[in-house]
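Right, one structure below, let's go through it.
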Amino acid sequence: MKNVIAFIEHKNGRPRRVSLEAAGAARTVADQLGGTAHAVVVGGDAAAIAGELKAYPLDTIHVLADAAADGLIDPAVDALTTVALALGPSLVLVGNTMIGRDVGSRFAARVDAGLNADAVAIDVRDGRVSCVSPKLGGLVITTCVFRSEYGVAAIRPNVFAATPGSGSAQIVAIEPAGRAYAVTLEEDVEVAAPELGVEEASVVVSGGRGLGGPQPFTTLLKDLADAFGGAVGASRAAVDAGWISYGHQIGQTGKTVSPALYIAVGISGAIQHKVGMRTAATIVAINKDPDAPIGAFADLLVVGDAFAIVPELVSAVRDARAVHV
Amino acid sequence: MVIPEDRQLNIVVAVKLVPDTNADKRIDPQTRRLVRSAAETVLNPFDEYAIEAGLQLKEQLADGSSVTIVTMAPESGKEVVRKALAMGADRAVMLSDPAFAGSDVWATAYVLAAGIRRIGFDLVLTGTQSTDAITGELPGALAEYLGVPGLTYAREIHVAAGRVRVKRETDTGYQTLSAPLPALASITKSAAEPRFASLKGIMAAKKKEIAVLRLADLEIAQAVGGDGAKLEVTELTASPARAAGKTVTAADGNAGARTIVAFLKERNLL
Ligand SMILES: Cc1cc2nc3c(=O)[nH]c(=O)nc-3n(C[C@H](O)[C@H](O)[C@H](O)COP(=O)(O)OP(=O)(O)OC[C@H]3O[C@@H](n4cnc5c(N)ncnc54)[C@H](O)[C@@H]3O)c2cc1C
Ligand SMILES: Nc1ncnc2c1ncn2[C@@H]1O[C@H](COP(=O)(O)O)[C@@H](O)[C@H]1O
């Protein structure tokens with residue numbers, strides 16, 4: 001494994017943040033390996049995205065500008081495979097996202113590559129790439145090395161730095177695979193305005209059963225999340241009650257997040273919730289029960305009524321952040 | 001391969017046996033593998049949605065189509081597999097061999113593909129992630145090794161006229177995708193709630209077949225298990241337990257907010 005390839009996801013003409021983080025990590029790891037750093041971008045907007053990627057420290061940006069590939073996994077896997085096989089043994093970085101996991105796992109199976117999920121650090125020792133990942137809901141941390149020629153690491157959003165660099169990358173076209181795909185995309189529907197996903201946000205404000213209904217999720221919590229530039233999460237109890245959609249659920253049967261700050265509002269802190277957020281750098285809980293289990297692992301538990309505290313907190317945070325910008 | 005419209009379908013649901021979250025999870029420091037005991041093993045909660053989707057498809061087709069459960073797991077998990085049969089699946093196949101122990105995602109996908117090919121399939125259903133590994137990478141790799149279209153994160157699934165059509169969840173909405181059978185789909189948690197096994201189902205499950213396939217029964221060309229894994233675990237450490245921080249009782253909303261702001265400033269988060 002010598003070169004590193006970042007697979008770039010994009011939406012509405014913009015690269016996804018985790019993909020820029022992948023580009024940043026590609027440079028760092030490629031330098032350690034003494035190889036080159038690449039990006040692969042596929043879709044109708046690929047050329048424009050490539051232009052934006054030029055601000056990142058990559059050697060080559062491989063582009064397949066083809067609107068017919070939008071919303072499909074197979075053309076992306078084909079393009080990635082074409083680039084990887086031409087480069088020879090390499091490490092492919094995808095985001096640990098729905099699309100990243102699909103593209104990464106299909107590519108890995110195609111070239112018999114090892115697959116490291118949820119990488120939070122990547123290192124090179126004696127020329128071998130190793131990845132660090134939390135397992136079992138953050139209970140243990142593993143370090144794994146690849147034994148295969150090619151490797152795939154799905155990087156956890158928000159962990160690697162996306163630092164713009166030289167801007168001297170070469171842009172080259174990928175040879176289209178020229179085959180028909182079995183999967184037909186019949187419609188691609190947006191129901192929500194694209195907002196920052198909980199996995200990518202550096203601040204997550206989550207609500208639980210203690211909020212009593214759907215309304216606080218679109219007002220109180222949304223305001224607090226917006227004040228931080230973060231995202232709204234939820235416990236399963238809130239999701240099961242239909243107060244907010246499943247995509248926001250944090251925990252064992254939802255998403256795993258590791259933001260800089262996690263604020264749990266009206267959430268008791270059951271083990272199944274904890275495993276989805278225990279790796280947050282700082283945890284603050286607001287709960288009216290001084291004995292709520294979340295107190296056992298939160299950095300700060302404020303005992304009180306969420307409906308009294310959160311509105312005050314929103315204005316205090318807005319004030320504090322206004323001073324800084 | 002084109003599947004005739006009127007043919008009964010072999011629906012194969014891949015399920016994983018995982019440690020119960022509430023049970024104390026232990027890692028063997030020597031082998032760096034999870035120590036599993038039968039009592040603490042459960043069906044991966046996500047996979048119950050895949051089983052439910054398979055059963056509903058079978059019921060809708062009502063043409064003698066069948067649901068087969070497949071899992072790669074030690075034989076000690078047999079009684080857990082029986083729970084899937086009690087929900088209504090027709091039969092189960094366990095891929096059990098000491099040679100499979102220590103498999104990584106790659107080896108699991110590779111062995112499962114060999115097992116599912118051996119069983120024969122028109123539609124493979126999986127969950128979207130497992131509660132122990134949480135890789136979510138298996139469905140894609142499995143589809144690739146089976147050489148079929150992979151429709152992942154399906155919250156609705158329909159089969160008609162030899163095609164499978166799904167509503168696939170995306171970060172901001174959904175897609176409608178379709179593909180010819182044979183195919184693979186992974187089913188999300190927001191699909192229909194899994195049914196509980198009825199008493200009749202539990203009784204019937206006692207008589208249903210749980211076949212076991214070993215390494216020698218499968219067409220496997222590469223080393224699998226710990227020897228063949230493409231990823232080698234070199235270090236495994238327990239993550240530092242989170243200690244309790246401080247608890248402050250807020251006199252009112254304003255005091256509570258001030259406590260939090262002061263704390264966040266202290267930590268340079270504001
Ligand atoms: C297989 C399985 C998987 C699961 N997966 C998940 C998962 O992925 N994610 C998840 O979250 N859970 C999951 N659960 C459920 C989990 O066990 C808990 O039931 C759930 O997390 C509880 O949600 P909660 O904290 O919102 O509700 P509760 O436990 O009911 O807690 C509500 C809290 O709100 C507080 N409160 C009430 N009113 C106020 C107020 N006005 N102001 C402040 N505080 C208030 C209460 O003191 C209480 O602590 C799973 C369970 C199982 C069995
Ligand atoms: N050992 C296994 N046997 C059968 N199916 C599995 C196994 N491991 C994973 N799966 C399937 O793959 C899905 C995703 O698992 P994972 O990629 O491990 O998160 C699960 O929901 C199961 O449907």
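By order of appearance in the structure tokens: chains A, B, ..., then residues from 1 within every chain, and ligands from 1 in the order shown.
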
Could you list, with a cut-off of 10 Å and counting only C-alpha atoms and all ligand atoms, the residues of chain A near ligand 2, each shown with its nearest atom pair and the distance in Å rounded to one decimal, rows sorted by chain and ascending number, as CSV?
residue,atom,partner,partner_atom_place_in_ligand_line,distance
A:Arg101,CA,ligand 2,17 (O),9.3
A:Ser105,CA,ligand 2,17 (O),9.3
A:Ala117,CA,ligand 2,17 (O),9.0

Residues within 9 Å of A:Ala26, please, as a CSV table (one decimal) with N, CA, C and O atoms, in the first residue's frame. Count only C-alpha atoms; anything in the same chain fewer than 5 positions from it doesn't count.
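Final output, selection01.csv:
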chain,number,residue,atom,x,y,z
A,3,ASN,N,-0.1,4.4,-2.1
A,3,ASN,CA,-0.9,5.6,-2.4
A,3,ASN,C,-2.2,5.6,-1.6
A,3,ASN,O,-2.6,4.6,-1.2
A,4,VAL,N,-2.8,6.8,-1.5
A,4,VAL,CA,-4.0,7.0,-0.8
A,4,VAL,C,-5.0,7.7,-1.7
A,4,VAL,O,-4.7,8.7,-2.3
A,5,ILE,N,-6.3,7.1,-1.7
A,5,ILE,CA,-7.3,7.7,-2.5
A,5,ILE,C,-8.5,8.1,-1.6
A,5,ILE,O,-9.0,7.2,-0.9
A,6,ALA,N,-8.9,9.3,-1.7
A,6,ALA,CA,-10.1,9.8,-1.0
A,6,ALA,C,-11.3,9.7,-1.9
A,6,ALA,O,-11.3,10.3,-3.0
A,21,GLU,N,-12.3,16.0,4.8
A,21,GLU,CA,-11.5,15.4,5.8
A,21,GLU,C,-10.7,14.2,5.3
A,21,GLU,O,-9.5,14.0,5.6
A,31,ASP,N,2.0,10.9,2.6
A,31,ASP,CA,3.4,11.4,2.9
A,31,ASP,C,4.1,10.4,3.8
A,31,ASP,O,5.3,10.1,3.5
A,36,THR,N,1.5,9.0,-3.2
A,36,THR,CA,0.8,10.1,-3.7
A,36,THR,C,-0.6,10.1,-3.1
A,36,THR,O,-1.2,9.1,-2.8
A,37,ALA,N,-1.3,11.3,-3.1
A,37,ALA,CA,-2.6,11.5,-2.6
A,37,ALA,C,-3.6,11.8,-3.7
A,37,ALA,O,-3.3,12.7,-4.6
A,38,HIS,N,-4.7,11.1,-3.8
A,38,HIS,CA,-5.6,11.2,-4.9
A,38,HIS,C,-7.1,11.4,-4.4
A,38,HIS,O,-7.4,11.0,-3.2
A,39,ALA,N,-7.9,11.9,-5.2
A,39,ALA,CA,-9.3,12.0,-4.9
A,39,ALA,C,-10.1,11.4,-6.1
A,39,ALA,O,-9.6,11.6,-7.3
A,57,PRO,N,-4.6,19.7,-0.5
A,57,PRO,CA,-3.3,19.2,-0.9
A,57,PRO,C,-3.2,17.8,-1.5
A,57,PRO,O,-2.7,16.9,-1.0
A,58,LEU,N,-3.9,17.7,-2.7
A,58,LEU,CA,-3.9,16.4,-3.4
A,58,LEU,C,-2.9,16.5,-4.5
A,58,LEU,O,-2.6,17.5,-5.1
A,91,LEU,N,-4.5,2.6,-0.3
A,91,LEU,CA,-5.5,2.7,0.8
A,91,LEU,C,-6.6,3.6,0.3
A,91,LEU,O,-6.3,4.7,-0.2
A,92,VAL,N,-7.9,3.2,0.4
A,92,VAL,CA,-9.0,4.0,0.0
A,92,VAL,C,-9.7,4.5,1.2
A,92,VAL,O,-10.0,3.8,2.1
A,93,LEU,N,-9.9,5.8,1.3
A,93,LEU,CA,-10.6,6.4,2.4
A,93,LEU,C,-12.0,6.8,2.0
A,93,LEU,O,-12.2,7.6,1.0

Item to check | Site check for ligand 1: residues at most 7 Å away, only C-alpha atoms and all ligand atoms, as a PyMOL selection string | outcome: (chain A and resi 207-211+234-238+249-254+265-273+276+286-289+292+304-307) or (chain B and resi 45)

Emit the selected residues as a CSV table (one decimal), in the first residue's frame, including N, CA and C atoms.
chain,number,residue,atom,x,y,z
A,207,GLY,N,-32.5,15.4,22.5
A,207,GLY,CA,-33.6,15.4,23.4
A,207,GLY,C,-34.2,14.0,23.6
A,208,GLY,N,-34.8,13.8,24.8
A,208,GLY,CA,-35.4,12.5,25.1
A,208,GLY,C,-36.9,12.6,25.5
A,209,ARG,N,-37.3,11.6,26.2
A,209,ARG,CA,-38.7,11.5,26.6
A,209,ARG,C,-39.1,12.7,27.5
A,210,GLY,N,-38.1,13.2,28.2
A,210,GLY,CA,-38.4,14.3,29.1
A,210,GLY,C,-38.9,15.6,28.4
A,211,LEU,N,-38.8,15.6,27.1
A,211,LEU,CA,-39.3,16.8,26.4
A,211,LEU,C,-40.8,16.7,26.1
A,234,ALA,N,-31.5,12.7,19.2
A,234,ALA,CA,-32.6,12.2,20.0
A,234,ALA,C,-32.3,10.9,20.6
A,235,SER,N,-33.1,10.6,21.7
A,235,SER,CA,-33.0,9.2,22.3
A,235,SER,C,-34.0,8.4,21.5
A,236,ARG,N,-34.0,7.1,21.7
A,236,ARG,CA,-34.9,6.2,21.0
A,236,ARG,C,-36.3,6.4,21.5
A,237,ALA,N,-36.5,6.7,22.8
A,237,ALA,CA,-37.8,7.0,23.3
A,237,ALA,C,-38.5,8.1,22.5
A,238,ALA,N,-37.7,9.2,22.2
A,238,ALA,CA,-38.3,10.3,21.4
A,238,ALA,C,-38.6,9.9,20.0
A,249,GLN,N,-31.7,9.5,15.6
A,249,GLN,CA,-31.5,8.7,16.8
A,249,GLN,C,-30.0,8.4,17.1
A,250,ILE,N,-29.6,8.6,18.4
A,250,ILE,CA,-28.3,8.3,18.8
A,250,ILE,C,-28.3,7.0,19.7
A,251,GLY,N,-27.4,6.1,19.5
A,251,GLY,CA,-27.4,5.0,20.3
A,251,GLY,C,-27.2,3.7,19.6
A,252,GLN,N,-27.3,2.6,20.4
A,252,GLN,CA,-27.0,1.3,19.9
A,252,GLN,C,-27.8,1.0,18.6
A,253,THR,N,-29.0,1.3,18.5
A,253,THR,CA,-29.8,1.0,17.2
A,253,THR,C,-29.9,2.3,16.4
A,254,GLY,N,-29.1,3.3,16.7
A,254,GLY,CA,-29.1,4.5,15.9
A,254,GLY,C,-27.7,4.9,15.5
A,265,VAL,N,-30.7,16.5,26.8
A,265,VAL,CA,-31.8,17.2,27.5
A,265,VAL,C,-32.9,16.2,27.7
A,266,GLY,N,-33.2,16.0,28.9
A,266,GLY,CA,-34.4,15.1,29.2
A,266,GLY,C,-34.1,13.7,28.8
A,267,ILE,N,-32.9,13.2,28.9
A,267,ILE,CA,-32.5,11.9,28.5
A,267,ILE,C,-31.9,11.2,29.7
A,268,SER,N,-32.4,10.0,30.0
A,268,SER,CA,-31.9,9.4,31.3
A,268,SER,C,-30.5,8.8,31.2
A,269,GLY,N,-30.1,8.4,30.0
A,269,GLY,CA,-28.7,7.9,29.9
A,269,GLY,C,-28.6,6.4,30.0
A,270,ALA,N,-29.6,5.7,29.4
A,270,ALA,CA,-29.6,4.2,29.3
A,270,ALA,C,-28.4,3.7,28.6
A,271,ILE,N,-27.9,2.5,28.9
A,271,ILE,CA,-26.7,2.0,28.3
A,271,ILE,C,-26.8,2.0,26.7
A,272,GLN,N,-28.0,1.8,26.2
A,272,GLN,CA,-28.1,1.7,24.7
A,272,GLN,C,-28.0,3.1,24.1
A,273,HIS,N,-28.3,4.2,24.9
A,273,HIS,CA,-28.1,5.5,24.5
A,273,HIS,C,-26.6,5.9,24.6
A,276,GLY,N,-23.9,5.2,22.0
A,276,GLY,CA,-23.8,6.0,20.8
A,276,GLY,C,-23.2,7.4,21.0
A,286,ILE,N,-28.9,17.9,31.0
A,286,ILE,CA,-29.9,18.7,31.7
A,286,ILE,C,-31.0,17.7,32.1
A,287,ASN,N,-31.3,17.5,33.4
A,287,ASN,CA,-32.3,16.5,33.8
A,287,ASN,C,-32.9,16.9,35.1
A,288,LYS,N,-34.2,16.7,35.3
A,288,LYS,CA,-34.7,17.1,36.5
A,288,LYS,C,-34.5,16.1,37.6
A,289,ASP,N,-34.0,15.0,37.3
A,289,ASP,CA,-33.7,13.9,38.3
A,289,ASP,C,-32.2,13.9,38.6
A,292,ALA,N,-30.5,10.6,37.8
A,292,ALA,CA,-30.5,10.1,36.4
A,292,ALA,C,-29.2,9.4,36.1
A,304,GLY,N,-32.5,20.3,36.8
A,304,GLY,CA,-33.5,21.4,36.7
A,304,GLY,C,-34.4,21.1,35.5
A,305,ASP,N,-35.3,22.0,35.3
A,305,ASP,CA,-36.3,21.8,34.3
A,305,ASP,C,-35.8,22.3,32.9
A,306,ALA,N,-35.8,21.4,32.0
A,306,ALA,CA,-35.3,21.8,30.6
A,306,ALA,C,-36.0,23.0,30.0
A,307,PHE,N,-37.4,23.0,30.3
A,307,PHE,CA,-38.1,24.1,29.7
A,307,PHE,C,-37.8,25.5,30.3
B,45,PRO,N,-30.5,-7.0,17.0
B,45,PRO,CA,-31.9,-6.4,17.0
B,45,PRO,C,-32.2,-5.9,15.6

Interface rows for chain A against chain B: nearest pair, Å to one decimal, 6 Å, only C-alpha atoms, as a Markdown table:
| residue | atom | partner | partner_atom | distance |
| --- | --- | --- | --- | --- |
| A:Arg101 | CA | B:Glu137 | CA | 5.6 |
| A:Asp102 | CA | B:Gly140 | CA | 5.3 |
| A:Ser105 | CA | B:Ala141 | CA | 4.9 |
| A:Arg106 | CA | B:Ala141 | CA | 4.9 |
| A:Ala109 | CA | B:Ala141 | CA | 5.1 |
| A:Gly114 | CA | B:Lys230 | CA | 4.4 |
| A:Ala117 | CA | B:Thr135 | CA | 5.3 |
| A:Leu136 | CA | B:Asp132 | CA | 4.9 |
| A:Leu139 | CA | B:Ser239 | CA | 5.6 |
| A:Val140 | CA | B:Ala238 | CA | 4.3 |
| A:Ile141 | CA | B:Thr237 | CA | 5.3 |
| A:Thr142 | CA | B:Leu236 | CA | 4.5 |
| A:Thr143 | CA | B:Glu235 | CA | 4.9 |
| A:Cys144 | CA | B:Val233 | CA | 4.3 |
| A:Val145 | CA | B:Glu232 | CA | 5.3 |
| A:Phe146 | CA | B:Leu231 | CA | 4.6 |
| A:Arg147 | CA | B:Lys230 | CA | 4.8 |
| A:Ser148 | CA | B:Lys230 | CA | 5.3 |
| A:Ala182 | CA | B:Ala179 | CA | 5.7 |
| A:Val183 | CA | B:Ala179 | CA | 4.7 |
| A:Thr184 | CA | B:Ser178 | CA | 5.3 |
| A:Leu185 | CA | B:Leu177 | CA | 4.7 |
| A:Glu186 | CA | B:Thr176 | CA | 5.3 |
| A:Glu187 | CA | B:Thr176 | CA | 5.1 |
| A:Asp188 | CA | B:Gln175 | CA | 4.3 |
| A:Val189 | CA | B:Tyr174 | CA | 5.3 |
| A:Glu190 | CA | B:Gly173 | CA | 4.5 |
| A:Val191 | CA | B:Gly173 | CA | 4.8 |
| A:Ala192 | CA | B:Thr172 | CA | 5.3 |
| A:Pro194 | CA | B:Thr172 | CA | 5.8 |
| A:Ala296 | CA | B:Ala244 | CA | 4.3 |
| A:Phe297 | CA | B:Ala244 | CA | 4.5 |
| A:Ala298 | CA | B:Gly245 | CA | 5.7 |
| A:Asp299 | CA | B:Gly245 | CA | 4.0 |
| A:Leu300 | CA | B:Lys246 | CA | 5.1 |
| A:Leu301 | CA | B:Thr247 | CA | 4.6 |
| A:Val302 | CA | B:Val248 | CA | 5.0 |
| A:Val303 | CA | B:Thr249 | CA | 4.5 |
| A:Gly304 | CA | B:Ala250 | CA | 5.5 |
| A:Ala308 | CA | B:Gly253 | CA | 4.3 |
| A:Ile309 | CA | B:Gly253 | CA | 3.8 |
| A:Glu312 | CA | B:Asn254 | CA | 5.7 |
| A:Leu313 | CA | B:Ala257 | CA | 4.6 |

Next on the checklist: Can you pull out every residue from stretch 78-218 of chain A that DSSP, working from the backbone, puts in strand (DSSP E or B), and format the result as a PyMOL selection string?
Outcome noted: chain A and resi 90-95+114-119+121-125+128-135+140-146+151-155+170-173+184-190+203-207

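Residues in contact with A:Gly127 at 12 Å, where only C-alpha atoms are counted and same-chain residues fewer than 2 positions away are skipped, are listed as Met1, Lys2, Asn3, Val29, Ala30, Asp31, Gln32, Leu33, Gly34, Gly35, Asp123, Val124, Arg125, Val129, Ser130, Val145 and Phe146 of chain A.
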
Checklist entry - Could you work out how far atom CA of A:Val203 lies from atom CA of A:Val232, giving the answer in Å with one decimal? => result 8.7 Å

Next on the checklist: Residues within 10 Å of B:Asp63, please, as a PyMOL selection string. Count only C-alpha atoms; anything in the same chain fewer than 3 positions from it doesn't count.
Outcome noted: chain B and resi 6-9+58-60+66

Checklist entry - Near A:Thr218, within 12 Å and counting only C-alpha atoms, which residues show up once chain neighbours fewer than 4 positions away are dropped, as an MDAnalysis selection string? => result chainID A and resid 205:207 211 213:214 222:226 231:234 243:245

Could you write out that same residue set with N, CA and C atoms as a PDB file, in the first residue's frame?
ATOM      1  N   VAL A 205     -27.093  18.481  20.143  1.00  0.00           N
ATOM      2  CA  VAL A 205     -28.038  18.741  21.226  1.00  0.00           C
ATOM      3  C   VAL A 205     -29.145  17.709  21.088  1.00  0.00           C
ATOM      4  N   SER A 206     -29.229  16.787  22.036  1.00  0.00           N
ATOM      5  CA  SER A 206     -30.200  15.697  21.917  1.00  0.00           C
ATOM      6  C   SER A 206     -31.317  15.815  22.933  1.00  0.00           C
ATOM      7  N   GLY A 207     -32.487  15.381  22.521  1.00  0.00           N
ATOM      8  CA  GLY A 207     -33.623  15.409  23.421  1.00  0.00           C
ATOM      9  C   GLY A 207     -34.203  14.024  23.638  1.00  0.00           C
ATOM     10  N   LEU A 211     -38.835  15.641  27.097  1.00  0.00           N
ATOM     11  CA  LEU A 211     -39.335  16.819  26.401  1.00  0.00           C
ATOM     12  C   LEU A 211     -40.823  16.732  26.109  1.00  0.00           C
ATOM     13  N   GLY A 213     -42.953  15.856  23.925  1.00  0.00           N
ATOM     14  CA  GLY A 213     -43.685  15.958  22.658  1.00  0.00           C
ATOM     15  C   GLY A 213     -42.777  16.406  21.538  1.00  0.00           C
ATOM     16  N   PRO A 214     -43.328  16.496  20.317  1.00  0.00           N
ATOM     17  CA  PRO A 214     -42.492  16.828  19.157  1.00  0.00           C
ATOM     18  C   PRO A 214     -42.039  18.294  19.117  1.00  0.00           C
ATOM     19  N   LYS A 222     -33.737  22.901  18.543  1.00  0.00           N
ATOM     20  CA  LYS A 222     -33.263  23.420  17.266  1.00  0.00           C
ATOM     21  C   LYS A 222     -32.574  24.763  17.492  1.00  0.00           C
ATOM     22  N   ASP A 223     -33.175  25.602  18.310  1.00  0.00           N
ATOM     23  CA  ASP A 223     -32.581  26.910  18.598  1.00  0.00           C
ATOM     24  C   ASP A 223     -31.215  26.748  19.254  1.00  0.00           C
ATOM     25  N   LEU A 224     -31.143  25.817  20.204  1.00  0.00           N
ATOM     26  CA  LEU A 224     -29.876  25.627  20.914  1.00  0.00           C
ATOM     27  C   LEU A 224     -28.819  25.075  19.952  1.00  0.00           C
ATOM     28  N   ALA A 225     -29.225  24.093  19.141  1.00  0.00           N
ATOM     29  CA  ALA A 225     -28.292  23.530  18.168  1.00  0.00           C
ATOM     30  C   ALA A 225     -27.830  24.614  17.206  1.00  0.00           C
ATOM     31  N   ASP A 226     -28.757  25.428  16.725  1.00  0.00           N
ATOM     32  CA  ASP A 226     -28.404  26.500  15.790  1.00  0.00           C
ATOM     33  C   ASP A 226     -27.457  27.508  16.436  1.00  0.00           C
ATOM     34  N   ALA A 231     -26.161  20.164  15.503  1.00  0.00           N
ATOM     35  CA  ALA A 231     -27.284  19.376  15.003  1.00  0.00           C
ATOM     36  C   ALA A 231     -28.123  18.834  16.154  1.00  0.00           C
ATOM     37  N   VAL A 232     -29.381  18.493  15.839  1.00  0.00           N
ATOM     38  CA  VAL A 232     -30.289  17.942  16.843  1.00  0.00           C
ATOM     39  C   VAL A 232     -30.280  16.414  16.802  1.00  0.00           C
ATOM     40  N   GLY A 233     -30.104  15.798  17.962  1.00  0.00           N
ATOM     41  CA  GLY A 233     -30.169  14.344  18.077  1.00  0.00           C
ATOM     42  C   GLY A 233     -31.333  13.962  18.980  1.00  0.00           C
ATOM     43  N   ALA A 234     -31.490  12.662  19.224  1.00  0.00           N
ATOM     44  CA  ALA A 234     -32.612  12.223  20.039  1.00  0.00           C
ATOM     45  C   ALA A 234     -32.337  10.850  20.645  1.00  0.00           C
ATOM     46  N   TRP A 243     -41.639  11.794  17.666  1.00  0.00           N
ATOM     47  CA  TRP A 243     -41.391  13.232  17.847  1.00  0.00           C
ATOM     48  C   TRP A 243     -40.341  13.763  16.868  1.00  0.00           C
ATOM     49  N   ILE A 244     -39.488  12.872  16.381  1.00  0.00           N
ATOM     50  CA  ILE A 244     -38.419  13.266  15.462  1.00  0.00           C
ATOM     51  C   ILE A 244     -38.037  12.013  14.674  1.00  0.00           C
ATOM     52  N   SER A 245     -37.476  12.202  13.468  1.00  0.00           N
ATOM     53  CA  SER A 245     -37.272  11.030  12.610  1.00  0.00           C
ATOM     54  C   SER A 245     -36.061  10.196  13.053  1.00  0.00           C
TER      55      SER A 245
END

Checklist entry - How would you write, as number ranges by chain, the set of residues in stretch 16-193 of chain B that DSSP gives as alpha helix (DSSP H)? => result B: 47-61, 78-87, 105-119, 138-146
